[in-house]
>>> print(open('target-v9.txt').read())   # compact mmCIF, C-alpha atoms and all ligand atoms
# COMPACT_ATOMS: atom_id res chain seq x y z
CA MET F 30 13.36 5.63 10.71
CA LYS F 31 13.08 6.62 14.35
CA SER F 32 15.82 4.87 16.31
CA GLY F 33 13.35 3.64 18.96
CA VAL F 34 11.31 1.87 16.30
CA ARG F 35 14.47 0.35 14.84
CA MET F 36 15.57 -0.87 18.26
CA LEU F 37 12.18 -2.43 18.94
CA GLY F 38 12.27 -4.06 15.52
CA THR F 39 15.76 -5.43 16.10
CA VAL F 40 14.74 -6.92 19.43
CA ALA F 41 11.53 -8.32 17.95
CA ARG F 42 13.09 -9.90 14.88
CA PRO F 43 14.26 -13.21 16.42
CA ILE F 44 10.89 -13.59 18.15
CA ALA F 45 9.01 -12.85 14.92
CA THR F 46 11.18 -15.26 12.95
CA GLY F 47 10.56 -17.97 15.55
CA VAL F 48 6.80 -17.40 15.63
CA ARG F 49 6.72 -17.47 11.87
CA ARG F 50 8.59 -20.78 11.78
CA LEU F 51 6.29 -22.34 14.38
CA SER F 52 3.02 -21.11 12.84
CA GLY F 53 3.59 -23.12 9.66
CA SER F 54 1.91 -20.35 7.67
CA PRO F 55 4.44 -18.48 5.53
CA GLY F 56 2.43 -15.26 5.62
CA LEU F 57 2.11 -12.38 3.20
CA THR F 58 4.09 -9.16 3.50
CA VAL F 59 2.55 -6.08 1.88
CA ILE F 60 4.79 -3.04 1.51
CA GLY F 61 4.13 0.41 0.07
CA TRP F 62 5.60 3.64 -1.23
CA HIS F 63 4.10 6.97 -2.32
CA ARG F 64 6.29 8.94 -4.78
CA VAL F 65 9.48 7.67 -6.42
CA ASP F 66 11.55 10.64 -7.52
CA GLY F 67 14.31 13.08 -6.59
CA ARG F 68 15.66 12.35 -3.16
CA THR F 69 14.24 10.47 -0.21
CA GLU F 70 12.28 12.73 2.13
CA GLY F 71 8.70 12.87 3.33
CA LEU F 72 6.53 10.89 0.97
CA SER F 73 9.29 10.70 -1.65
CA THR F 74 11.67 7.82 -2.22
CA GLY F 75 14.73 8.60 -4.33
CA VAL F 76 15.23 6.45 -7.39
CA ASP F 77 18.51 5.00 -6.10
CA ASP F 78 16.91 4.12 -2.77
CA PHE F 79 13.98 2.54 -4.62
CA ARG F 80 16.39 0.35 -6.59
CA ARG F 81 18.13 -0.58 -3.34
CA HIS F 82 14.79 -1.58 -1.84
CA LEU F 83 14.16 -3.87 -4.82
CA ASP F 84 17.69 -5.31 -4.47
CA THR F 85 16.95 -5.98 -0.79
CA LEU F 86 13.75 -7.82 -1.74
CA ASP F 87 15.71 -9.86 -4.24
CA ALA F 88 18.48 -10.69 -1.76
CA TRP F 89 15.89 -11.72 0.86
CA GLY F 90 14.37 -14.13 -1.67
CA ALA F 91 11.03 -12.33 -1.94
CA GLN F 92 8.45 -13.89 -4.21
CA VAL F 93 6.70 -10.78 -5.47
CA LEU F 94 3.14 -11.61 -6.47
CA PRO F 95 0.28 -9.64 -8.04
CA LEU F 96 -2.15 -8.58 -5.31
CA ASP F 97 -5.05 -10.72 -6.55
CA VAL F 98 -2.85 -13.81 -6.94
CA ALA F 99 -1.40 -13.31 -3.45
CA VAL F 100 -4.82 -12.89 -1.90
CA ASP F 101 -6.17 -16.02 -3.60
CA ALA F 102 -3.18 -17.98 -2.32
CA LEU F 103 -3.54 -16.50 1.16
CA ALA F 104 -7.21 -17.50 1.29
CA ARG F 105 -6.47 -21.02 0.00
CA GLY F 106 -3.42 -21.54 2.20
CA THR F 107 -1.15 -22.02 -0.81
CA LEU F 108 1.04 -18.96 -0.37
CA PRO F 109 4.69 -19.53 -1.24
CA ASP F 110 7.31 -18.72 1.36
CA ARG F 111 8.43 -15.08 1.43
CA ALA F 112 5.46 -13.81 -0.57
CA VAL F 113 5.43 -10.03 -0.97
CA VAL F 114 3.02 -7.57 -2.61
CA LEU F 115 4.19 -4.12 -3.74
CA THR F 116 1.85 -1.13 -3.53
CA PHE F 117 1.83 2.62 -4.14
CA ASP F 118 -0.66 5.02 -2.57
CA ASP F 119 -2.14 8.30 -3.84
CA GLY F 120 -1.48 8.01 -7.59
CA TYR F 121 1.61 10.17 -8.10
CA ALA F 122 2.76 10.56 -11.70
CA SER F 123 6.31 9.64 -10.65
CA VAL F 124 5.14 6.08 -10.02
CA VAL F 125 4.07 5.79 -13.64
CA GLU F 126 7.07 7.66 -15.04
CA THR F 127 9.84 6.27 -12.83
CA ALA F 128 8.89 3.33 -10.61
CA TRP F 129 6.80 1.34 -13.04
CA PRO F 130 9.46 1.11 -15.82
CA ILE F 131 11.98 -0.16 -13.22
CA LEU F 132 9.52 -2.73 -11.89
CA ARG F 133 8.50 -3.82 -15.37
CA ASP F 134 12.15 -4.32 -16.37
CA ARG F 135 12.59 -6.56 -13.34
CA GLY F 136 9.34 -8.43 -14.02
CA LEU F 137 7.79 -7.28 -10.73
CA PRO F 138 4.02 -6.73 -10.43
CA ALA F 139 2.59 -3.89 -8.34
CA THR F 140 -0.68 -2.16 -7.48
CA MET F 141 -1.21 1.60 -7.40
CA PHE F 142 -4.13 3.00 -5.39
CA VAL F 143 -5.48 6.20 -6.92
CA VAL F 144 -7.91 8.88 -5.78
CA SER F 145 -10.59 8.95 -8.47
CA GLY F 146 -11.49 12.63 -7.99
CA TYR F 147 -7.86 13.72 -8.52
CA LEU F 148 -7.13 12.40 -12.01
CA THR F 149 -7.74 15.67 -13.86
CA GLY F 150 -4.09 16.78 -14.04
CA ASP F 151 -4.58 20.12 -12.26
CA LEU F 152 -5.32 19.08 -8.66
CA ARG F 153 -2.86 18.60 -5.83
CA PHE F 154 -3.40 17.17 -2.36
CA GLY F 155 -3.63 19.54 0.62
CA TRP F 156 -0.39 18.23 2.13
CA ASP F 157 1.45 18.84 -1.16
CA GLU F 158 0.18 22.43 -1.27
CA LEU F 159 2.20 23.03 1.90
CA GLU F 160 5.44 22.24 0.08
CA PRO F 161 7.11 24.33 -2.64
CA HIS F 162 5.55 23.59 -5.99
CA HIS F 163 7.41 20.82 -7.70
CA ASP F 164 6.46 18.70 -10.65
CA ARG F 165 7.20 15.59 -8.65
CA HIS F 166 3.99 16.23 -6.72
CA ARG F 167 2.01 15.90 -9.90
CA LEU F 168 -0.73 13.29 -9.82
CA VAL F 169 -1.34 10.90 -12.66
CA ARG F 170 -3.98 11.97 -15.22
CA SER F 171 -6.75 9.67 -16.31
CA ASP F 172 -5.26 9.14 -19.79
CA GLU F 173 -1.90 8.20 -18.25
CA LEU F 174 -3.64 5.86 -15.84
CA ARG F 175 -5.44 4.09 -18.66
CA ALA F 176 -2.16 3.64 -20.53
CA VAL F 177 -0.18 2.32 -17.56
CA ALA F 178 -2.98 -0.05 -16.59
CA ALA F 179 -2.91 -1.43 -20.14
CA ASP F 180 0.86 -1.81 -19.69
CA GLY F 181 0.35 -4.06 -16.65
CA LEU F 182 0.29 -1.88 -13.54
CA ASP F 183 -2.62 -3.02 -11.38
CA ILE F 184 -4.94 -0.22 -10.20
CA GLY F 185 -7.00 -0.05 -7.03
CA SER F 186 -9.14 2.59 -5.37
CA HIS F 187 -7.97 5.07 -2.76
CA THR F 188 -11.49 6.62 -2.58
CA VAL F 189 -12.83 9.70 -4.41
CA SER F 190 -11.29 12.46 -2.28
CA HIS F 191 -8.89 10.85 0.26
CA PRO F 192 -10.94 11.52 3.41
CA TRP F 193 -10.45 10.05 6.88
CA LEU F 194 -13.19 7.45 6.46
CA PRO F 195 -13.83 6.82 10.19
CA GLY F 196 -14.81 10.50 10.48
CA LEU F 197 -17.56 10.34 7.82
CA ASP F 198 -21.19 9.29 8.16
CA ALA F 199 -22.28 6.02 6.58
CA ASP F 200 -23.68 7.62 3.40
CA ALA F 201 -20.49 9.57 2.74
CA VAL F 202 -18.35 6.47 3.31
CA LYS F 203 -20.51 4.58 0.84
CA ARG F 204 -20.16 7.33 -1.77
CA GLU F 205 -16.37 7.45 -1.39
CA LEU F 206 -16.09 3.70 -1.78
CA VAL F 207 -18.70 3.00 -4.45
CA ASP F 208 -18.21 6.10 -6.62
CA SER F 209 -14.43 5.63 -6.82
CA ARG F 210 -14.78 1.98 -7.76
CA VAL F 211 -17.35 2.74 -10.44
CA ALA F 212 -15.34 5.67 -11.86
CA LEU F 213 -12.17 3.56 -12.12
CA GLU F 214 -14.01 0.63 -13.65
CA GLU F 215 -15.48 2.92 -16.31
CA LEU F 216 -12.12 4.52 -17.01
CA LEU F 217 -10.16 1.26 -17.17
CA ALA F 218 -12.95 -0.95 -18.56
CA ARG F 219 -12.12 -3.67 -16.04
CA PRO F 220 -13.27 -4.67 -12.55
CA VAL F 221 -11.66 -2.90 -9.58
CA HIS F 222 -11.87 -4.94 -6.38
CA SER F 223 -9.04 -3.54 -4.27
CA LEU F 224 -8.92 -0.56 -1.96
CA ALA F 225 -6.38 1.19 0.25
CA TYR F 226 -7.92 3.10 3.17
CA PRO F 227 -6.70 6.73 3.03
CA THR F 228 -4.09 7.28 5.75
CA GLY F 229 -4.92 3.76 6.89
CA GLY F 230 -8.20 4.93 8.45
CA TRP F 231 -10.56 2.04 9.03
CA THR F 232 -12.92 0.64 11.64
CA PRO F 233 -15.00 -2.55 11.56
CA ALA F 234 -17.91 -0.42 10.22
CA VAL F 235 -15.73 1.03 7.43
CA ARG F 236 -14.51 -2.46 6.60
CA ALA F 237 -18.11 -3.71 6.37
CA ALA F 238 -18.89 -0.77 4.07
CA ALA F 239 -15.95 -1.77 1.86
CA ALA F 240 -17.39 -5.27 1.55
CA ALA F 241 -20.84 -3.86 0.71
CA ALA F 242 -19.26 -1.53 -1.87
CA GLY F 243 -17.90 -4.49 -3.80
CA TYR F 244 -14.30 -4.69 -2.64
CA ARG F 245 -12.63 -8.01 -2.05
CA VAL F 246 -9.32 -6.72 -0.72
CA ALA F 247 -8.52 -3.64 1.33
CA ILE F 248 -5.21 -2.52 2.72
CA THR F 249 -4.44 -0.68 5.92
CA VAL F 250 -1.24 0.84 7.29
CA ASP F 251 -1.28 -1.43 10.34
CA ARG F 252 2.11 -3.07 10.22
CA GLY F 253 2.73 -6.78 10.37
CA LEU F 254 2.56 -10.05 8.52
CA ASN F 255 -0.75 -11.26 7.02
CA THR F 256 -1.73 -14.84 7.77
CA ASP F 257 -4.67 -17.01 6.73
CA ARG F 258 -6.51 -15.52 9.73
CA THR F 259 -6.11 -11.89 8.60
CA PRO F 260 -9.35 -10.52 7.10
CA LEU F 261 -8.79 -9.70 3.42
CA LEU F 262 -10.52 -6.34 3.92
CA SER F 263 -8.02 -5.21 6.56
CA LEU F 264 -4.69 -6.51 5.30
CA ARG F 265 -1.62 -5.27 7.09
CA ARG F 266 1.05 -3.26 5.39
CA ALA F 267 4.21 -1.33 6.15
CA PHE F 268 5.48 1.62 4.17
CA VAL F 269 9.05 0.97 3.14
CA PRO F 270 11.60 2.48 5.53
CA THR F 271 14.43 4.35 3.86
CA GLU F 272 17.23 2.09 5.01
CA PRO F 273 17.44 -1.30 3.28
CA ALA F 274 18.46 -2.75 6.69
CA ASP F 275 15.14 -1.54 8.08
CA LEU F 276 13.29 -3.06 5.15
CA ARG F 277 14.89 -6.38 6.19
CA LEU F 278 13.23 -5.96 9.60
CA VAL F 279 9.87 -5.47 7.89
CA LEU F 280 10.41 -8.55 5.73
CA ASP F 281 11.42 -10.66 8.71
CA GLY F 282 8.08 -9.80 10.33
CA ALA F 283 9.57 -7.81 13.18
CA TYR F 284 7.00 -5.05 12.76
CA THR F 285 4.19 -7.40 13.71
CA MET F 286 5.16 -6.54 17.27
CA LEU F 287 4.52 -2.85 16.57
CA ARG F 288 0.86 -3.27 15.65
CA PRO F 289 -0.48 -2.00 19.01
CA LEU F 290 1.13 1.36 18.16
CA ASP F 291 -0.70 1.37 14.83
CA SER F 292 -4.13 0.79 16.33
CA LEU F 293 -3.46 3.60 18.81
CA ARG F 294 -2.58 5.94 15.93
CA ARG F 295 -5.71 4.85 14.07
CA ARG F 296 -7.92 5.81 17.01
CA ARG F 297 -6.29 9.24 17.17
CA GLY F 298 -6.93 10.00 13.51
CA PRO F 299 -4.62 11.58 10.95
CA ALA F 300 -2.01 14.20 11.75
CA TRP F 301 -3.32 16.53 9.03
ZN ZN Y 401 -3.09 8.18 0.69
>>> encode(input="target-v9.txt", output="structure tokens", more="lines below")
Ligand SMILES: [Zn+2]
Amino acid sequence: MKSGVRMLGTVARPIATGVRRLSGSPGLTVIGWHRVDGRTEGLSTGVDDFRRHLDTLDAWGAQVLPLDVAVDALARGTLPDRAVVLTFDDGYASVVETAWPILRDRGLPATMFVVSGYLTGDLRFGWDELEPHHDRHRLVRSDELRAVAADGLDIGSHTVSHPWLPGLDADAVKRELVDSRVALEELLARPVHSLAYPTGGWTPAVRAAAAAAGYRVAITVDRGLNTDRTPLLSLRRAFVPTEPADLRLVLDGAYTMLRPLDSLRRRRGPAW
């Protein structure tokens, strides 16, 4: 993690903890990863680091909940203290092969957001094409997705083709949101009501389109704690920093103070 961000987080932690105590609402922390494999770099989290992250959650006293259960409790005001939801974006095969067995052994639920047009087994994302070819960049195939969903991993949509949604016209946004939901529901033979905005790209218009497309929950990459006032279609989330000490800052709500940086980044659009 950048040292400036860590310093800000360290300064903000006592304030965040105090605000959290005063607000009376325990809040929901949503965290995310991409790949779990090899060693920690870029979008990858090494297996040992992933285990350390889970140990940190355990030591913090996290109550890890399934996304739909957490959202129901958030909406009803019945969230337990230290409620956390675990998510994975993009649908990498390493989540199914490596992360999910570890989570299942520990009895931890999680949601993986997959790109419905990339489940064929032979496609890679543009940003992965820039790196040397490695099997760890492989995306999950539809047959593997069906099997892991039956095994208990919750599946949500990450659109059809992973576009920057704020840059599309209304019809294209609708297609990305509706077609991915329908494709996943047909594949998994169950309702799909959750979405993660690709690269965290959302606007109020995109959020309204997500509601119209049948989603109940949608997740951003705006950092911070979710409270009973946070719209369910723009839930906040932080990707897990490498260092367990930095994950503690996320869990303590310190990153809530960093949200202005996130909205600035959102207006600028993706780096790719
Ligand atoms: Zn993504």
>>> residues_near_ligand(input="target-v9.txt", ligand="ligand ZN 401 (chain Y)", cutoff="7 Å", atoms="only C-alpha atoms and all ligand atoms", output="count of residues only")
6
>>> residues_around(input="target-v9.txt", residues="Trp231 in chain F", least_positions_apart="4", cutoff="7 Å", atoms="only C-alpha atoms", output="JSON, numbers by chain")
{"F": [194, 195, 226, 235, 236]}
>>> residues_around(input="target-v9.txt", residues="Ala242 in chain F", least_positions_apart="5", cutoff="10 Å", atoms="only C-alpha atoms", output="JSON, numbers by chain")
{"F": [202, 203, 204, 205, 206, 207, 208, 209, 210, 211, 222, 236, 237]}
>>> closest_residue(input="target-v9.txt", among="F:Tyr121, F:Trp62, F:Tyr284, F:Trp193", to="Leu168 in chain F", atoms="all atoms listed in the file")
F:Tyr121
>>> closest_residue(input="target-v9.txt", among="F:Leu182, F:Val221, F:Leu86, F:Val65", to="Asp275 in chain F", atoms="only C-alpha atoms")
F:Leu86
>>> atom_distance(input="target-v9.txt", atom1="CA of Gly56 in chain F", atom2="CA of Ala247 in chain F")
16.5 Å
